[in-house]
Amino acid sequence: MSYNIYPVIPTELFCDDYIVKVNGESAELNTARVSAVPFNRRWPGHQRQIEQTEPAQFLSLETDEPLNFEIIPKKPFECVNIRPKSLGIVPELENGVIRFTLDKPAYFTVEPYGRHNALHIFADPVKNYDIDKNSPSVIYFGKGEHDVGLIELHSNQTLYLDEGAVVYACVRALDAENIKILGHGILDNRKNKEEILFEANEKNNTQAVDNAVRRHTVQLEYCTNVEIDGITIRHSLVYNIRPIGCKGLNIRNVKIIGCWRYNTDGIDMHNCVGVRISDCFLRTFDDSICVKGFDCYYKGDVAAAVRAAMYRNGKSYDMFEDVIIERCVIWNDWCRCLEIGAETKAEEIRDITFRDCDLIHLTHTALDCSNVDYADVHHVTFKDIRIECDEDIPAPLIQTCDDEEYKNPNPEYMPDIINIYTMYHPEYSKGSEDRRGRNRDFLFENIDVFGDKTVKIKVSGYDDAHKTERIRIKGFKLNGSPVRDESELKLMRGAFTEDICFEKIK
């Protein structure tokens, strides 16, 4: 039985909100910059104002034994929440000290100030990766800072970030097989900057970014047998992990934090097959985990570009199937938590399961299917999902100009818990204007919403040929208690829907 607190490498970003002891041992904390308000906009040629962000601390360690925590927040507080609540941690408060025991590895937050200035704790399971750092197939980074820029992975290579390593880099792999990204170090993307192509109008931008080149933190294209395990990703410029046309993708025990720049999604995947994502923590500004078809961001003939990407080198990448996403903790600061879409350029998106996940903060839709292209989306399950809604939830807004400040327009705001729809979007549907998709055979089982506001569920289709149908909502709960009648929820059945069934708990 043992535990190990990972070394901390100081960077230029630093805050000092907490004193933490683990089993009586003082623990050093890392810092990340996170979003403070849900204020977004189409990128106008510069990044978000720092005033819309705040520093947050996180502790990283591994353990295979119970741990006693003693946490002293340096600012006064009255009460504390530890999320996810499903961990069942009930802290003791005495003279400004928070004490509790963690029985098993877990990723969670300690929140004496509500949504702001939270302490994030990442307690990994103990794991021996059995890496030979001198092997020619291993790209190894040990304790310390490493300013690398771009790491390109090739078949049968392993990128290993040891504990205490801070690697400033993007990672890319194309047509590779049997690749791994492992370790308990930090992949830091803060030095990744946009390449500005031309000046953009800063006011009232409504279209996607096309005046800059931006690189995702981890981009995997047409790769087979990929493993990502244990790492922390901090300060992404755009998506944290973006697999495209991959087969056999396993992502475990990954922690994502520091997402405050525009379009900082968590794990967004495009037309992959055989995906397993488990036991991860994602605090993202934009969408957290997305199952997508190909998107519309191509120059010229979008439909031709999508065909070339979808049927590449004599192989087909026109399906997204066989996906299990489980035991993940999600904190979303602006957009959707668990999503299919919005881009759905695929013939089918099927056999997708989200299960046993905790959504600890949200501002937008919790469980979503935004079908804006032509995929037949079917046999999708959301099961055993726990959704914690704050007493006051700031509504996500679009900023129209630099001098506009965030003000929550509705103190009673409540995000949609479920939203399933098919639509035409003038931007996202580019290249598929003449085709629409459909949504069918969805199961929402044992969804538990904690909060005191009315739960909204929305379901709609597009037309008679593109319906949303055969949707089952089974075993829904509010604050742990079964919902006995549909009237306890606000279930909105829109146009072109059929067989939308709410099943009471017997």
# chains A, B, ... in the order shown; residues from 1 in each chain; ligands from 1
$ residues_around --residues "Leu150 (chain A)" --least-positions-apart "3" --cutoff "7 Å" --atoms "only C-alpha atoms" --output "list in words"
Ala169, Cys170 and Val171 of chain A
$ residues_around --residues "Val22 (chain A)" --least-positions-apart "5" --cutoff "10 Å" --atoms "only C-alpha atoms" --output "NGL selection string"
:A and (3-5 or 27 or 61 or 67-71 or 101)
$ closest_residue --among "A:Gly185, A:Pro10, A:Pro76, A:Gly45" --to "Val213 (chain A)" --atoms "only C-alpha atoms"
A:Gly45
$ closest_atom_pairs --of "region 76-133 of chain A" --to "region 50-59 of chain A" --cutoff "7 Å" --atoms "only C-alpha atoms" --output "tab-separated table"
residue	atom	partner	partner_atom	distance
A:Asn117	CA	A:Ala56	CA	5.6
A:Ala118	CA	A:Ala56	CA	6.3
A:Leu119	CA	A:Gln57	CA	5.4
A:His120	CA	A:Phe58	CA	4.4
A:Ile121	CA	A:Leu59	CA	4.9
A:Phe122	CA	A:Leu59	CA	6.0
$ atom_distance --atom1 "CA of Ile500 (chain A)" --atom2 "CA of Thr422 (chain A)"
15.1 Å
$ residues_around --residues "Thr224 (chain A)" --least-positions-apart "4" --cutoff "10 Å" --atoms "only C-alpha atoms" --output "NGL selection string"
:A and (155 or 174-179 or 220 or 245-249 or 272-274)
$ select_by_dssp --residues "region 317-420 of chain A" --states "strand (DSSP E or B)" --output "NGL selection string"
:A and (319-326 or 329-332 or 338-342 or 345 or 348-361 or 367-371 or 376-388 or 397-398 or 416-420)
$ select_by_dssp --residues "region 294-402 of chain A" --states "helix (DSSP H, G or I)" --output "number ranges by chain"
A: 302-310
$ residues_around --residues "Glu194 (chain A)" --least-positions-apart "3" --cutoff "9 Å" --atoms "only C-alpha atoms" --output "PyMOL selection string"
chain A and resi 46+212-215+237
$ write_last_selection --atoms "C-alpha atoms" --output "PDB file, in the first residue's frame"
ATOM      1  CA  HIS A  46      -7.441  37.782 -30.663  1.00  0.00           C
ATOM      2  CA  ALA A 212      -6.100  31.984 -38.416  1.00  0.00           C
ATOM      3  CA  VAL A 213      -4.401  28.589 -38.367  1.00  0.00           C
ATOM      4  CA  ARG A 214      -4.770  26.798 -35.034  1.00  0.00           C
ATOM      5  CA  ARG A 215      -3.363  23.445 -34.009  1.00  0.00           C
ATOM      6  CA  LEU A 237      -5.471  26.241 -27.828  1.00  0.00           C
TER       7      LEU A 237
END
$ atom_distance --atom1 "CA of Asp279 (chain A)" --atom2 "CA of Ile72 (chain A)"
27.5 Å
$ residues_around --residues "Val90 (chain A)" --least-positions-apart "5" --cutoff "12 Å" --atoms "only C-alpha atoms" --output "list in words"
Phe69, Cys79, Val80, Asn81, Ile82, Arg83, Pro84, Lys85, Ile98, Arg99, Phe100, Thr101, Leu102 and Val110 of chain A
$ closest_residue --among "A:Arg493, A:Arg355, A:Arg435, A:His364" --to "Ala303 (chain A)" --atoms "only C-alpha atoms"
A:Arg435
$ closest_residue --among "A:Thr363, A:Leu397, A:Asp376, A:His270" --to "Arg440 (chain A)" --atoms "only C-alpha atoms"
A:Asp376
